[in-house]
Protein chains: 2
Amino acid sequence: MLYSLLAGGKRIRPIFLLATIDALGGETDQGIPAACALEMIHTYSLIHDDLPAMDDDDYRRGKLANHKVFGEALAILAGDALLTHAFYVLSDTAQTSDPELQLRMINELALRAGPTGMVGGQTADVLGEGSPMTFEQLADIHTRKTGDLLVCAVRLGCYVAGANEVQLAQLTRYAREIGLAFQIQDDILDEIGDEQKLGKQVGSDRGKQKSTYVSLLGLQGAQQALREHVDLAKQAVRAAGVKPDLLLALADFMVSREC
Amino acid sequence: MLYSLLAGGKRIRPIFLLATIDALGGETDQGIPAACALEMIHTYSLIHDDLPAMDDDDYRRGKLANHKVFGEALAILAGDALLTHAFYVLSDTAQTSDPELQLRMINELALRAGPTGMVGGQTADVLGEGSPMTFEQLADIHTRKTGDLLVCAVRLGCYVAGANEVQLAQLTRYAREIGLAFQIQDDILDEIGDEQKLGKQVGSDRGKQKSTYVSLLGLQGAQQALREHVDLAKQAVRAAGVKPDLLLALADFMVSREC
């Protein structure tokens, strides 16, 4: 569990959660349990995705994948344990003064990470392997596989900071656009990124004949789509009536990031 | 998810949960979400346990194991989805009038199913494979791997029905003894059970040179231990000050069950 949790991820989801709390003028400290829970869920999904039966990746973040170090059985169990422990952390009654809100946050996390969310997206991805995908199928998969957990991060931040309905709706829109931008940049980096900075081989999607934004839209088309989604994300932040700076900077980071 | 969930398990954990509520004079209807969550957790653990990297079992409950029907990738994901969905079901705010109690139940489930509970027991089991175990190691593994989820079932029933501290402590003791009895009977059935009734091959533990209660205590010793744990379970029920009939009958079922 610790090997993968401390393998040096970007902490994107915790950062979006805490940035959302900050944008709403809330106390970022109160978001720490949810931020940890999100990162545990994200990390478990990477451990399971890397398994030979799934994406069969030997490296992650420049280090050996969990199952390459500990074997498949322990990698499966480390993932299961991280997933379960996320809900332990988020249900700690000592951490909350508002049990009903905490319950809503757990429900949101289970929804976004579960069969209609992240795991559903990964399932659709596995089922679609080997056959060409339409743009709509690809977008649906990524909306769930990557997008839902980012949406969850921002919405949990909204709950912690007591966002109103307009803020919740606009920041959900923001996160949805960010999620798509994030995945498009992932596909672009797999095509033209720096292996050293990425900590993994580039061109692996093409090698596996995977449908990606680059394979469906071309490199220029994907870069254009990336900018459009980032612009839409920024519009949503401005419409939310919050302190916008950090969330706008994070949107720009989606374009400039190199790993 | 449905294939394994509806493959015809004994529903032991939901039954213990509902029987506990009944013994305490509570409303069994109120335990249904928790009962479903428990069965989802149990089912996911079976799917993952049967994987080639784990116990490599082709059959479960007389039917093909999940990965034999859907492939390993989807079996891993079905398990992940069931685990996550359990927490979705248990955090449904529409189902509860007492959010703090609901939160405590989620925390209990995550604790018992997680890295210090069920997954921890399974991990110790994997790590101990191939080398002989002491009786203490075996008992520790089963206390966590099988016992913790039964303890969880009874304790969730206690929460739902508003048990007092004495009832909670005695019924926890009851569940702990039942858990050990359950595993001992499993080991006995693997030695002398009826393959047709069990829906799986007998002698598989011996074939794998696994340490079991039978290999460590002998058949008679295991049968003796089974009776002792069932007696201790019954003592705990009588000390709890509850309507005892159903819980005592379930204790006897631990000895008489053939599958």
# chains A, B, ... in the order shown; residues from 1 in each chain; ligands from 1
>>> select_by_dssp(residues="range 78-224 of chain A", states="alpha helix (DSSP H)", output="MDAnalysis selection string")
chainID A and resid 78:90 99:113 118:128 135:142 148:161 165:192 195:198 204:207 213:224
>>> interface_residues(of="chain A", to="chain B", cutoff="6 Å", atoms="only C-alpha atoms", output="number ranges by chain")
A: 53-54, 72-73, 81, 84-85, 88, 91, 99-100, 103, 107, 110, 114-115
>>> closest_atom_pairs(of="range 56-152 of chain B", to="range 218-236 of chain B", cutoff="12 Å", atoms="only C-alpha atoms", output="CSV")
residue,atom,partner,partner_atom,distance
B:Phe135,CA,B:Ala222,CA,11.5
B:Ala139,CA,B:Ala225,CA,11.8
B:Val151,CA,B:Ala233,CA,12.0
>>> write_last_selection(atoms="N, CA, C and O atoms", output="mmCIF file, in the first residue's frame")
data_model
loop_
_atom_site.group_PDB
_atom_site.id
_atom_site.type_symbol
_atom_site.label_atom_id
_atom_site.label_comp_id
_atom_site.auth_asym_id
_atom_site.auth_seq_id
_atom_site.Cartn_x
_atom_site.Cartn_y
_atom_site.Cartn_z
ATOM 1 N N PHE B 135 -0.350 -23.244 14.887
ATOM 2 C CA PHE B 135 -1.775 -23.113 15.183
ATOM 3 C C PHE B 135 -2.143 -21.644 15.391
ATOM 4 O O PHE B 135 -3.181 -21.172 14.923
ATOM 5 N N ALA B 139 -4.895 -19.501 13.313
ATOM 6 C CA ALA B 139 -6.045 -18.883 13.986
ATOM 7 C C ALA B 139 -6.090 -17.381 13.713
ATOM 8 O O ALA B 139 -7.156 -16.803 13.478
ATOM 9 N N VAL B 151 -17.971 -10.920 12.562
ATOM 10 C CA VAL B 151 -18.043 -9.977 13.683
ATOM 11 C C VAL B 151 -18.707 -8.686 13.222
ATOM 12 O O VAL B 151 -19.569 -8.121 13.906
#
>>> atom_distance(atom1="CA of Leu5 in chain B", atom2="CA of Thr43 in chain B")
6.1 Å
>>> atom_distance(atom1="CA of Arg11 in chain B", atom2="CA of Asp186 in chain B")
15.4 Å
>>> residues_around(residues="Glu27 in chain B", least_positions_apart="4", cutoff="12 Å", atoms="only C-alpha atoms", output="mmCIF file with C-alpha atoms, in the first residue's frame")
data_model
loop_
_atom_site.group_PDB
_atom_site.id
_atom_site.type_symbol
_atom_site.label_atom_id
_atom_site.label_comp_id
_atom_site.auth_asym_id
_atom_site.auth_seq_id
_atom_site.Cartn_x
_atom_site.Cartn_y
_atom_site.Cartn_z
ATOM 1 C CA LEU B 17 -26.882 -9.446 10.833
ATOM 2 C CA LEU B 18 -30.660 -9.815 10.594
ATOM 3 C CA ALA B 19 -30.757 -12.500 13.309
ATOM 4 C CA THR B 20 -28.877 -10.141 15.625
ATOM 5 C CA ILE B 21 -31.387 -7.379 15.005
ATOM 6 C CA ASP B 22 -34.211 -9.847 15.683
ATOM 7 C CA ALA B 23 -32.536 -11.074 18.882
ATOM 8 C CA GLY B 31 -30.715 -3.870 8.395
ATOM 9 C CA ILE B 32 -31.256 -4.592 4.696
ATOM 10 C CA GLY B 157 -26.916 -5.661 13.657
ATOM 11 C CA CYS B 158 -26.196 -4.343 17.162
ATOM 12 C CA TYR B 159 -25.874 -0.784 15.850
ATOM 13 C CA VAL B 160 -29.120 -1.010 13.870
ATOM 14 C CA ALA B 161 -31.040 -2.370 16.858
ATOM 15 C CA GLY B 162 -29.476 -0.062 19.430
#
>>> residues_around(residues="Gln167 in chain B", least_positions_apart="5", cutoff="9 Å", atoms="only C-alpha atoms", output="PyMOL selection string")
chain B and resi 24+158+172+237+239-242
>>> residues_around(residues="Met133 in chain A", least_positions_apart="3", cutoff="10 Å", atoms="only C-alpha atoms", output="mmCIF file with all heavy atoms, in the first residue's frame")
data_model
loop_
_atom_site.group_PDB
_atom_site.id
_atom_site.type_symbol
_atom_site.label_atom_id
_atom_site.label_comp_id
_atom_site.auth_asym_id
_atom_site.auth_seq_id
_atom_site.Cartn_x
_atom_site.Cartn_y
_atom_site.Cartn_z
ATOM 1 N N ASP A 125 -13.497 0.416 -21.143
ATOM 2 C CA ASP A 125 -12.197 0.469 -21.806
ATOM 3 C C ASP A 125 -11.700 -0.951 -22.121
ATOM 4 O O ASP A 125 -11.267 -1.246 -23.244
ATOM 5 C CB ASP A 125 -11.197 1.194 -20.894
ATOM 6 C CG ASP A 125 -9.972 1.705 -21.652
ATOM 7 O OD1 ASP A 125 -9.980 1.652 -22.900
ATOM 8 O OD2 ASP A 125 -9.013 2.144 -21.002
ATOM 9 N N GLY A 128 -13.735 -2.501 -24.846
ATOM 10 C CA GLY A 128 -13.554 -1.892 -26.160
ATOM 11 C C GLY A 128 -12.196 -2.193 -26.784
ATOM 12 O O GLY A 128 -11.946 -1.854 -27.946
ATOM 13 N N GLU A 129 -11.316 -2.834 -26.003
ATOM 14 C CA GLU A 129 -9.954 -3.089 -26.489
ATOM 15 C C GLU A 129 -9.934 -3.908 -27.774
ATOM 16 O O GLU A 129 -10.708 -4.846 -27.932
ATOM 17 C CB GLU A 129 -9.165 -3.865 -25.433
ATOM 18 C CG GLU A 129 -8.098 -3.037 -24.763
ATOM 19 C CD GLU A 129 -7.524 -3.756 -23.549
ATOM 20 O OE1 GLU A 129 -7.334 -4.979 -23.619
ATOM 21 O OE2 GLU A 129 -7.290 -3.080 -22.542
ATOM 22 N N GLY A 130 -9.052 -3.534 -28.664
ATOM 23 C CA GLY A 130 -8.867 -4.334 -29.872
ATOM 24 C C GLY A 130 -9.779 -3.940 -31.020
ATOM 25 O O GLY A 130 -9.512 -4.271 -32.162
ATOM 26 N N GLU A 136 -17.230 9.440 -29.592
ATOM 27 C CA GLU A 136 -18.199 9.452 -28.477
ATOM 28 C C GLU A 136 -17.880 8.361 -27.452
ATOM 29 O O GLU A 136 -17.958 8.591 -26.253
ATOM 30 C CB GLU A 136 -19.637 9.269 -29.007
ATOM 31 C CG GLU A 136 -20.227 10.494 -29.688
ATOM 32 C CD GLU A 136 -19.556 10.826 -31.018
ATOM 33 O OE1 GLU A 136 -19.050 9.887 -31.696
ATOM 34 O OE2 GLU A 136 -19.472 12.028 -31.368
ATOM 35 N N GLN A 137 -17.539 7.165 -27.926
ATOM 36 C CA GLN A 137 -17.189 6.083 -27.006
ATOM 37 C C GLN A 137 -15.957 6.443 -26.186
ATOM 38 O O GLN A 137 -15.912 6.230 -24.979
ATOM 39 C CB GLN A 137 -16.929 4.785 -27.775
ATOM 40 C CG GLN A 137 -18.197 4.126 -28.314
ATOM 41 C CD GLN A 137 -17.874 2.947 -29.231
ATOM 42 O OE1 GLN A 137 -17.027 3.065 -30.128
ATOM 43 N NE2 GLN A 137 -18.537 1.823 -29.016
ATOM 44 N N LEU A 138 -14.962 7.004 -26.876
ATOM 45 C CA LEU A 138 -13.723 7.383 -26.184
ATOM 46 C C LEU A 138 -14.001 8.440 -25.117
ATOM 47 O O LEU A 138 -13.529 8.321 -23.978
ATOM 48 C CB LEU A 138 -12.710 7.924 -27.213
ATOM 49 C CG LEU A 138 -11.328 8.257 -26.642
ATOM 50 C CD1 LEU A 138 -10.560 6.982 -26.313
ATOM 51 C CD2 LEU A 138 -10.522 9.117 -27.614
ATOM 52 N N ALA A 139 -14.802 9.437 -25.483
ATOM 53 C CA ALA A 139 -15.113 10.507 -24.533
ATOM 54 C C ALA A 139 -15.892 9.949 -23.341
ATOM 55 O O ALA A 139 -15.651 10.323 -22.194
ATOM 56 C CB ALA A 139 -15.891 11.622 -25.234
ATOM 57 N N LYS A 210 -4.337 1.414 -29.459
ATOM 58 C CA LYS A 210 -5.432 1.944 -28.655
ATOM 59 C C LYS A 210 -6.017 3.179 -29.311
ATOM 60 O O LYS A 210 -5.287 4.001 -29.869
ATOM 61 C CB LYS A 210 -4.901 2.367 -27.269
ATOM 62 C CG LYS A 210 -5.006 1.301 -26.205
ATOM 63 C CD LYS A 210 -4.489 1.795 -24.872
ATOM 64 C CE LYS A 210 -5.611 2.247 -23.953
ATOM 65 N NZ LYS A 210 -5.167 2.314 -22.538
ATOM 66 N N SER A 211 -7.335 3.311 -29.235
ATOM 67 C CA SER A 211 -7.953 4.561 -29.665
ATOM 68 C C SER A 211 -7.631 5.639 -28.642
ATOM 69 O O SER A 211 -7.786 5.424 -27.450
ATOM 70 C CB SER A 211 -9.475 4.409 -29.763
ATOM 71 O OG SER A 211 -9.817 3.492 -30.778
ATOM 72 N N THR A 212 -7.119 6.776 -29.117
ATOM 73 C CA THR A 212 -6.818 7.898 -28.223
ATOM 74 C C THR A 212 -7.313 9.167 -28.904
ATOM 75 O O THR A 212 -7.731 9.147 -30.070
ATOM 76 C CB THR A 212 -5.298 8.044 -27.979
ATOM 77 O OG1 THR A 212 -4.680 8.499 -29.200
ATOM 78 C CG2 THR A 212 -4.673 6.729 -27.550
ATOM 79 N N LEU A 216 -7.682 9.650 -32.977
ATOM 80 C CA LEU A 216 -8.975 10.002 -33.573
ATOM 81 C C LEU A 216 -9.014 11.421 -34.136
ATOM 82 O O LEU A 216 -9.692 11.691 -35.126
ATOM 83 C CB LEU A 216 -10.106 9.838 -32.544
ATOM 84 C CG LEU A 216 -10.478 8.395 -32.186
ATOM 85 C CD1 LEU A 216 -11.499 8.373 -31.064
ATOM 86 C CD2 LEU A 216 -11.026 7.661 -33.409
#
>>> atom_distance(atom1="CA of Ile15 in chain A", atom2="CA of Phe253 in chain A")
12.1 Å
>>> closest_residue(among="B:Gly121, B:Gly9, B:Pro244, B:Gly179", to="Gly62 in chain B", atoms="only C-alpha atoms")
B:Gly9
>>> residues_around(residues="Cys259 in chain B", least_positions_apart="4", cutoff="9 Å", atoms="only C-alpha atoms", output="ChimeraX atom specification")
/B:10,186,189,193-195,197-199
